[in-house]
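S.K.: Input file: start.txt. Contents: compact mmCIF, C-alpha atoms and all ligand atoms.
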# COMPACT_ATOMS: atom_id res chain seq x y z
CA MET A 29 60.10 132.53 54.42
CA ASN A 30 60.62 136.15 55.46
CA ASP A 31 59.10 137.55 52.30
CA LEU A 32 55.63 136.05 52.53
CA LEU A 33 52.73 138.32 51.59
CA PRO A 34 49.37 138.60 53.34
CA ILE A 35 46.37 136.76 51.90
CA GLU A 36 44.42 139.80 50.79
CA PHE A 37 42.08 140.43 47.91
CA PRO A 38 41.28 143.75 46.30
CA GLU A 39 38.02 145.21 47.66
CA ILE A 40 38.06 143.03 50.77
CA ALA A 41 38.96 145.14 53.76
CA ALA A 42 41.97 143.70 55.53
CA GLN A 43 40.29 143.15 58.88
CA ARG A 44 40.36 140.27 61.28
CA PRO A 45 38.97 137.70 60.79
CA THR A 46 39.13 137.01 57.06
CA ILE A 47 36.30 134.52 56.52
CA ILE A 48 36.17 131.77 53.95
CA ALA A 49 32.90 129.83 53.94
CA GLY A 50 31.06 127.30 51.86
CA PRO A 51 30.11 123.66 51.75
CA CYS A 52 32.44 120.77 52.43
CA SER A 53 31.67 119.51 48.91
CA ALA A 54 30.20 120.95 45.76
CA GLU A 55 27.28 118.53 45.29
CA THR A 56 24.96 120.02 42.69
CA GLU A 57 24.86 123.32 40.84
CA GLU A 58 21.70 124.27 42.79
CA GLN A 59 23.27 123.50 46.19
CA VAL A 60 26.41 125.47 45.32
CA LEU A 61 24.50 128.48 44.02
CA ALA A 62 21.93 128.53 46.83
CA THR A 63 24.65 128.38 49.50
CA ALA A 64 26.80 130.96 47.74
CA ARG A 65 23.94 133.43 47.28
CA ALA A 66 22.97 133.21 50.95
CA LEU A 67 26.58 133.65 52.10
CA ALA A 68 27.14 136.57 49.72
CA ALA A 69 23.98 138.25 51.02
CA ASP A 70 25.51 138.06 54.52
CA GLY A 71 28.70 139.70 53.34
CA ILE A 72 30.95 136.65 52.93
CA ARG A 73 33.48 137.41 50.20
CA ILE A 74 35.40 134.15 49.78
CA PHE A 75 33.54 130.96 48.91
CA ARG A 76 34.93 127.47 49.47
CA ALA A 77 33.73 124.13 48.06
CA GLY A 78 35.53 120.82 47.69
CA VAL A 79 35.44 119.57 44.12
CA TRP A 80 37.75 116.60 44.65
CA LYS A 81 37.21 114.96 48.05
CA PRO A 82 39.91 112.79 49.62
CA ARG A 83 38.00 110.16 51.58
CA THR A 84 39.42 107.96 54.27
CA LYS A 85 37.66 104.93 52.80
CA PRO A 86 36.58 104.14 49.23
CA GLY A 87 32.90 104.23 48.43
CA GLY A 88 32.15 107.61 50.00
CA PHE A 89 31.28 110.64 47.91
CA GLU A 90 34.56 111.55 46.23
CA GLY A 91 33.47 114.83 44.74
CA VAL A 92 31.91 115.80 41.44
CA GLY A 93 35.27 116.66 39.90
CA ILE A 94 36.04 119.01 37.05
CA GLU A 95 32.39 119.64 36.16
CA ALA A 96 31.91 121.47 39.48
CA LEU A 97 34.57 124.02 38.58
CA ALA A 98 32.05 125.55 36.18
CA TRP A 99 29.65 126.00 39.14
CA LEU A 100 32.35 127.88 41.04
CA ARG A 101 32.88 130.11 38.00
CA ARG A 102 29.17 130.82 38.06
CA VAL A 103 29.36 131.73 41.78
CA LYS A 104 32.13 134.14 40.91
CA ARG A 105 30.19 135.67 38.03
CA GLU A 106 26.88 135.98 39.83
CA THR A 107 27.94 136.95 43.36
CA GLY A 108 31.34 138.57 42.82
CA MET A 109 32.80 136.29 45.50
CA TYR A 110 36.30 134.90 45.24
CA VAL A 111 36.26 131.11 44.98
CA ALA A 112 38.48 128.48 46.58
CA THR A 113 38.91 124.74 46.27
CA GLU A 114 41.18 121.90 47.38
CA VAL A 115 43.80 120.45 45.02
CA ALA A 116 45.80 117.28 45.58
CA THR A 117 47.42 116.49 42.22
CA ALA A 118 49.02 118.29 39.28
CA GLU A 119 45.86 117.67 37.21
CA HIS A 120 43.65 119.22 39.88
CA ALA A 121 45.95 122.24 40.04
CA ALA A 122 46.01 122.67 36.25
CA ALA A 123 42.21 122.37 36.00
CA ALA A 124 41.68 124.83 38.86
CA LEU A 125 44.07 127.34 37.28
CA ASP A 126 42.29 126.95 33.92
CA ALA A 127 38.96 127.61 35.59
CA GLY A 128 40.28 130.81 37.19
CA ILE A 129 39.83 129.62 40.79
CA ASP A 130 41.13 132.42 43.03
CA LEU A 131 42.55 130.50 45.97
CA LEU A 132 43.66 126.90 46.43
CA TRP A 133 44.24 124.79 49.49
CA LEU A 134 46.07 121.57 50.19
CA GLY A 135 44.12 119.18 52.41
CA ALA A 136 45.43 117.51 55.55
CA ARG A 137 46.01 114.17 53.82
CA THR A 138 47.93 115.85 51.00
CA THR A 139 50.18 117.90 53.30
CA ALA A 140 51.21 114.64 54.94
CA ASN A 141 52.70 113.45 51.63
CA PRO A 142 55.78 115.35 50.39
CA PHE A 143 55.56 113.76 46.92
CA ALA A 144 52.03 115.07 46.43
CA VAL A 145 52.92 118.50 47.83
CA GLN A 146 55.90 118.76 45.48
CA GLU A 147 53.75 117.71 42.52
CA VAL A 148 51.21 120.45 43.25
CA ALA A 149 53.95 123.01 43.94
CA ASP A 150 55.56 122.24 40.56
CA ALA A 151 52.19 122.60 38.82
CA LEU A 152 51.70 126.02 40.41
CA ARG A 153 55.16 127.36 39.59
CA GLY A 154 54.90 130.68 37.78
CA HIS A 155 51.30 131.34 38.89
CA ASP A 156 50.60 134.09 41.33
CA LEU A 157 47.67 133.02 43.46
CA PRO A 158 47.21 132.50 47.18
CA VAL A 159 47.56 128.97 48.53
CA LEU A 160 46.61 127.65 51.96
CA VAL A 161 48.20 124.58 53.49
CA LYS A 162 46.19 122.61 56.01
CA ASN A 163 48.13 120.95 58.82
CA PRO A 164 49.03 117.31 58.20
CA VAL A 165 46.81 114.73 59.88
CA SER A 166 49.50 113.97 62.46
CA PRO A 167 50.85 116.60 64.87
CA ASP A 168 54.08 117.10 62.93
CA LEU A 169 55.04 120.77 62.72
CA GLU A 170 58.11 120.12 60.55
CA LEU A 171 56.02 118.32 57.95
CA TRP A 172 53.61 121.26 57.89
CA ILE A 173 56.44 123.79 57.49
CA GLY A 174 58.08 121.55 54.86
CA ALA A 175 54.93 121.71 52.71
CA LEU A 176 54.83 125.49 53.05
CA GLU A 177 58.50 125.68 52.03
CA ARG A 178 57.88 123.57 48.92
CA LEU A 179 55.24 126.06 47.79
CA ARG A 180 57.41 129.04 48.66
CA ASN A 181 60.24 127.49 46.64
CA ALA A 182 57.84 127.28 43.70
CA GLY A 183 57.36 131.04 43.89
CA ILE A 184 54.10 131.21 45.89
CA ARG A 185 54.38 134.18 48.24
CA ARG A 186 50.75 134.62 49.23
CA LEU A 187 50.92 131.58 51.48
CA GLY A 188 48.72 130.74 54.42
CA ALA A 189 48.26 127.87 56.85
CA VAL A 190 45.02 126.31 58.06
CA HIS A 191 44.84 124.74 61.50
CA ARG A 192 42.27 121.91 61.25
CA GLY A 193 43.30 119.84 64.25
CA PHE A 194 45.15 116.55 64.56
CA SER A 195 44.05 112.97 64.43
CA SER A 196 44.35 111.17 67.75
CA LEU A 197 43.20 107.90 69.29
CA ASP A 198 41.72 109.63 72.32
CA ARG A 199 39.88 112.40 70.55
CA GLY A 200 37.78 113.55 73.50
CA ILE A 201 34.99 115.85 72.38
CA TYR A 202 36.71 116.85 69.15
CA ARG A 203 36.90 115.14 65.77
CA ASN A 204 40.50 116.37 65.56
CA GLN A 205 42.45 117.53 68.62
CA PRO A 206 43.20 121.25 68.46
CA GLN A 207 46.64 121.03 70.12
CA TRP A 208 46.80 124.83 69.97
CA SER A 209 50.49 124.89 70.92
CA ILE A 210 51.34 123.65 67.40
CA PRO A 211 49.84 126.54 65.39
CA ILE A 212 51.17 128.91 68.07
CA GLU A 213 54.67 127.53 67.51
CA LEU A 214 54.11 127.80 63.73
CA HIS A 215 53.35 131.50 64.20
CA ARG A 216 56.48 131.95 66.30
CA ARG A 217 58.59 130.26 63.61
CA LEU A 218 56.94 132.04 60.64
CA PRO A 219 55.60 135.35 61.92
CA HIS A 220 54.66 136.62 58.42
CA LEU A 221 52.49 133.63 57.62
CA THR A 222 48.71 134.16 57.57
CA ILE A 223 47.04 131.54 59.77
CA PHE A 224 43.43 130.43 59.50
CA CYS A 225 41.51 128.16 61.85
CA ASP A 226 39.08 125.54 60.54
CA PRO A 227 36.72 125.02 63.49
CA SER A 228 34.50 122.70 61.41
CA HIS A 229 37.12 119.97 61.01
CA ILE A 230 38.48 120.41 64.53
CA GLY A 231 35.05 120.22 66.14
CA GLY A 232 33.32 117.75 63.86
CA ARG A 233 30.06 118.91 65.46
CA ARG A 234 28.05 122.06 64.75
CA GLU A 235 27.83 123.20 68.37
CA LEU A 236 31.62 123.32 68.74
CA ILE A 237 32.15 125.72 65.83
CA ALA A 238 31.32 128.96 67.68
CA PRO A 239 33.45 128.30 70.79
CA LEU A 240 36.38 127.11 68.66
CA SER A 241 36.10 130.21 66.45
CA GLN A 242 36.19 132.44 69.52
CA GLN A 243 39.22 130.59 70.89
CA ALA A 244 41.00 131.05 67.56
CA MET A 245 40.27 134.77 67.65
CA ASP A 246 41.51 135.04 71.24
CA LEU A 247 44.73 133.34 70.15
CA GLY A 248 45.22 135.89 67.37
CA PHE A 249 44.44 133.81 64.28
CA ASP A 250 44.00 135.88 61.11
CA GLY A 251 40.98 134.11 59.68
CA LEU A 252 38.43 131.32 59.77
CA ILE A 253 37.45 128.75 57.17
CA VAL A 254 34.01 127.43 58.04
CA GLU A 255 31.91 124.76 56.36
CA SER A 256 28.51 126.19 55.53
CA HIS A 257 25.75 124.44 53.59
CA CYS A 258 22.26 125.57 52.58
CA ALA A 259 20.82 122.31 54.01
CA PRO A 260 23.46 120.77 56.31
CA GLU A 261 21.37 117.80 57.40
CA SER A 262 21.27 116.50 53.84
CA ALA A 263 24.92 117.23 52.96
CA TRP A 264 26.76 114.49 51.08
CA SER A 265 29.88 114.81 53.27
CA ASP A 266 30.67 116.11 56.77
CA LYS A 267 27.03 116.82 57.53
CA GLU A 268 27.45 116.91 61.32
CA GLN A 269 29.80 119.86 61.13
CA GLN A 270 28.20 122.15 58.55
CA ILE A 271 26.11 125.17 59.53
CA THR A 272 23.62 127.19 57.54
CA PRO A 273 24.61 130.62 56.24
CA ALA A 274 22.19 132.11 58.79
CA THR A 275 23.93 130.31 61.68
CA LEU A 276 27.27 131.51 60.35
CA ALA A 277 25.98 135.08 60.26
CA ALA A 278 24.90 134.79 63.91
CA LEU A 279 28.28 133.29 64.83
CA ARG A 280 30.08 136.22 63.20
CA ARG A 281 27.98 138.70 65.13
CA SER A 282 28.79 136.91 68.38
CA LEU A 283 32.57 136.90 67.90
CA VAL A 284 34.52 139.17 70.22
CA ILE A 285 37.61 140.44 68.44
CA ARG A 286 40.24 141.70 70.83
CA ARG A 287 42.82 143.94 69.24
CA SER A 288 46.42 143.37 70.23
CA ASP A 289 47.15 147.12 70.47
CA GLU A 290 44.48 147.46 73.13
CA ALA A 291 46.77 146.20 75.88
CA THR A 292 46.04 148.38 78.84
CA GLU A 293 48.40 149.65 81.53
CA SER A 294 47.30 146.96 83.98
CA LEU A 295 48.18 144.28 81.42
CA HIS A 296 51.61 145.86 81.00
CA ALA A 297 52.02 145.83 84.78
CA LEU A 298 51.12 142.14 84.94
CA ARG A 299 53.59 141.41 82.15
CA ARG A 300 56.33 143.21 84.06
CA GLU A 301 55.55 140.97 87.02
CA ILE A 302 55.79 137.89 84.84
CA ASP A 303 59.15 139.11 83.53
CA LYS A 304 60.33 139.53 87.11
CA CYS A 305 59.21 136.01 87.96
CA ASP A 306 61.11 134.69 84.94
CA ASP A 307 64.26 136.56 86.06
CA GLU A 308 63.97 134.99 89.50
CA LEU A 309 63.30 131.56 88.01
CA LEU A 310 66.43 131.76 85.88
CA GLU A 311 68.59 132.93 88.76
CA LEU A 312 67.23 130.15 90.92
CA LEU A 313 67.91 127.60 88.20
CA ALA A 314 71.47 128.88 87.81
CA ARG A 315 71.95 128.51 91.59
CA ARG A 316 70.55 124.97 91.45
CA MET A 317 73.00 124.12 88.65
CA ARG A 318 75.91 125.51 90.67
CA ILE A 319 74.95 123.22 93.55
CA ALA A 320 74.59 120.30 91.14
CA ARG A 321 78.15 120.92 89.95
CA ASP A 322 79.35 120.99 93.58
CA ILE A 323 77.66 117.63 94.08
CA GLY A 324 79.41 116.45 90.92
CA ARG A 325 82.76 117.40 92.40
CA TYR A 326 81.91 115.53 95.61
CA LYS A 327 80.89 112.43 93.66
CA LYS A 328 84.08 112.61 91.65
CA GLU A 329 86.27 112.79 94.77
CA HIS A 330 84.38 109.84 96.30
CA ALA A 331 84.17 107.81 93.08
CA MET A 332 80.36 107.77 93.14
CA PRO A 333 78.13 107.40 90.03
CA VAL A 334 76.27 110.52 88.78
CA LEU A 335 72.83 108.96 88.76
CA GLN A 336 71.12 107.73 91.93
CA ALA A 337 67.80 106.45 90.59
CA GLU A 338 66.23 106.09 94.03
CA ARG A 339 66.88 109.69 95.00
CA TYR A 340 65.60 110.90 91.62
CA ASN A 341 62.33 108.91 91.78
CA ASP A 342 61.75 110.08 95.31
CA LEU A 343 62.27 113.69 94.26
CA LEU A 344 59.84 113.36 91.31
CA ASP A 345 57.09 111.79 93.43
CA ARG A 346 57.41 114.26 96.27
CA ARG A 347 57.42 117.31 94.02
CA ALA A 348 54.55 116.02 91.88
CA ALA A 349 52.39 115.69 94.98
CA GLN A 350 53.46 119.14 96.19
CA ALA A 351 52.66 120.64 92.78
CA CYS A 352 49.15 119.19 92.93
CA ASP A 353 48.62 120.86 96.29
CA LEU A 354 49.72 124.13 94.70
CA GLY A 355 47.17 123.81 91.89
CA MET A 356 49.43 122.58 89.10
CA GLU A 357 49.22 119.47 86.95
CA ARG A 358 51.26 116.49 88.10
CA ASP A 359 52.41 115.85 84.51
CA PHE A 360 53.50 119.43 84.02
CA ILE A 361 55.78 119.39 87.06
CA ARG A 362 57.20 115.97 86.15
CA THR A 363 58.10 117.22 82.66
CA LEU A 364 59.66 120.35 84.11
CA LEU A 365 61.68 118.48 86.75
CA GLN A 366 62.81 115.93 84.20
CA ALA A 367 64.17 118.72 81.99
CA ILE A 368 65.93 120.36 84.94
CA HIS A 369 67.32 117.03 86.08
CA GLU A 370 68.64 116.26 82.59
CA GLU A 371 70.57 119.54 82.55
CA SER A 372 71.92 118.88 86.09
CA VAL A 373 73.17 115.46 85.01
CA ARG A 374 74.76 116.98 81.92
CA GLN A 375 76.57 119.56 84.06
CA GLN A 376 77.70 116.90 86.57
CA MET A 377 79.02 114.71 83.75
CA HIS A 378 80.97 117.71 82.56
CA VAL A 379 82.51 118.15 86.01
CA LEU A 380 83.38 114.45 86.15
CA GLY A 381 85.10 114.68 82.79
CA GLU A 382 87.24 117.67 83.77
C1 LIG B 401 37.78 119.91 53.74
O1 LIG B 401 38.19 121.05 53.92
O2 LIG B 401 36.63 119.62 53.40
C2 LIG B 401 38.69 118.78 54.05
C3 LIG B 401 38.66 117.63 53.40
O3 LIG B 401 39.50 119.07 55.07
P1 LIG B 401 40.80 118.34 55.68
O4 LIG B 401 41.79 118.23 54.55
O5 LIG B 401 41.19 119.30 56.73
O6 LIG B 401 40.35 117.02 56.22
MN MN B 402 34.88 118.70 55.02
Go ahead and express the file in the form of structure tokens.
Ligand code: PEP
Ligand code: MN
M.R.:
Amino acid sequence: MNDLLPIEFPEIAAQRPTIIAGPCSAETEEQVLATARALAADGIRIFRAGVWKPRTKPGGFEGVGIEALAWLRRVKRETGMYVATEVATAEHAAAALDAGIDLLWLGARTTANPFAVQEVADALRGHDLPVLVKNPVSPDLELWIGALERLRNAGIRRLGAVHRGFSSLDRGIYRNQPQWSIPIELHRRLPHLTIFCDPSHIGGRRELIAPLSQQAMDLGFDGLIVESHCAPESAWSDKEQQITPATLAALRRSLVIRRSDEATESLHALRREIDKCDDELLELLARRMRIARDIGRYKKEHAMPVLQAERYNDLLDRRAAQACDLGMERDFIRTLLQAIHEESVRQQMHVLGE
């Protein structure tokens, strides 16, 4: 995955963020064209519309299907925009390729199914077009990377990922929990991968789209894929989370894009301080482990067991309370102490086995 290429199109300046916008679903030729014309007039260069819609339950609007591909071709012809749609089967992929669709994406429900991903990957083999992979519905980074690898193995090098949030029982204010640490870890694992954020599906509500977009920019995402509809309140799917092209234009104007090479001297100074803290933390941990091994030797000489549950519980409770006083989360400190304790026990067991 070291040879991935950026998702770039000729004549579109490679600047952050790359924006893909358009309705959740292609509903009618008029709706598609009206939305596309308004977005194009605002300078949007990549148009999205779902032609086949995977629905959680039967009976919802499942997309117009192949007929709508002709509408996307018309968008391309009349506005000069690049066009994108979701594919979930080999037939979808073949039809989209035939219609000259410029960019494809795999939806969250498809990414969760390796059989479906492989089927689409096989159908795309030998075709050079960019493909985006939305995160699977569940917070499973390996499954997400696995889908990307299947496409890479089929020869797709212009690969991207879309962070659209994760399904959860306690969803809080979001339709899908952002769990930002997952796309951040994806970026650490695959630094050449282009990563988009889909604030529409994370938020599920119009008013969350702008703050989520800003957060994505602050975290260094490359692009945004936003659901935009000429008349959101009458959309046939996802109507709560679609915004008009005019609202999208205002959102774009409001985004603050911080460049990573703008790090000032004071930021460097703060980072040096953090590095110093980390050095001290590691030395302290090493000292703690040395003491743990000494305790191990003592326990060995006195034939005592390694684990004293009472002492451990007491330590966790006391430190959790102390951490709260110091302005940290109880859960954070418990997780940290548990990890440290696990390593101490491992080192003591080692001493006992010597
Ligand atoms: C969509 O983009 O309209 C869509 C169905 O998204 P997801 O696969 O993220 O649910
Ligand atoms: Mn949608």
S.K.: Pick out the residues sitting within 8 Å of Cys258 (chain A), and hand them over as a CSV table (one decimal) with C-alpha atoms, keeping the file's coordinate frame; count only C-alpha atoms, and ignore anything fewer than 3 positions along from it in its own chain.
M.R.:
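After the write, around-v5.csv holds the following:
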chain,number,residue,atom,x,y,z
A,59,GLN,CA,23.3,123.5,46.2
A,62,ALA,CA,21.9,128.5,46.8
A,63,THR,CA,24.6,128.4,49.5
A,66,ALA,CA,23.0,133.2,51.0
A,271,ILE,CA,26.1,125.2,59.5
A,272,THR,CA,23.6,127.2,57.5
A,273,PRO,CA,24.6,130.6,56.2
S.K.: Hey, can you check how far CA of Leu364 (chain A) sits from CA of Leu343 (chain A)?
M.R.: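 According to the coordinates, CA of Leu364 (chain A) and CA of Leu343 (chain A) are separated by 12.4 Å.
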S.K.: Could you give me, as a ChimeraX atom specification, every polymer residue with an atom at most 8 Å away from an atom of ligand LIG 401 (chain B), counting all atoms listed in the file?
M.R.: /A:51-53,77-78,81-83,114,134-138,162-163,165,192-193,226,229,255,266
S.K.: Between A:Pro239, A:Gly50, A:Gly154, A:Pro86, which one has atoms that come closest to ligand MN 402 (chain B), using all atoms listed in the file?
M.R.: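 Closest to ligand MN 402 (chain B) of all the choices is A:Gly50.
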S.K.: With all atoms listed in the file as the basis for distance, which of A:Glu90, A:Glu370, A:Glu311, A:Glu39 is at the shortest distance from ligand MN 402 (chain B)?
M.R.: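 Closest to ligand MN 402 (chain B) of all the choices is A:Glu90.
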S.K.: Of the residues A:Phe360, A:Trp264, A:Tyr326, A:Tyr110, which is the one nearest to Gln376 (chain A), using all atoms listed in the file?
M.R.: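 Smallest separation from Gln376 (chain A) among the options: A:Tyr326.
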S.K.: Which is closer to ligand MN 402 (chain B) than all the others in A:Thr117, A:Ser166, A:Thr275, A:Ser256, using all atoms listed in the file?
M.R.: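 For ligand MN 402 (chain B), the nearest of the candidates is A:Ser256.
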S.K.: Which residues are near Thr139 (chain A)? Cut-off 12 Å, all atoms listed in the file, ignore same chain within fewer than 4 positions. Put them as a VMD selection string.
M.R.: chain A and resid 114 to 117 133 to 135 143 to 149 160 to 179 189 to 192
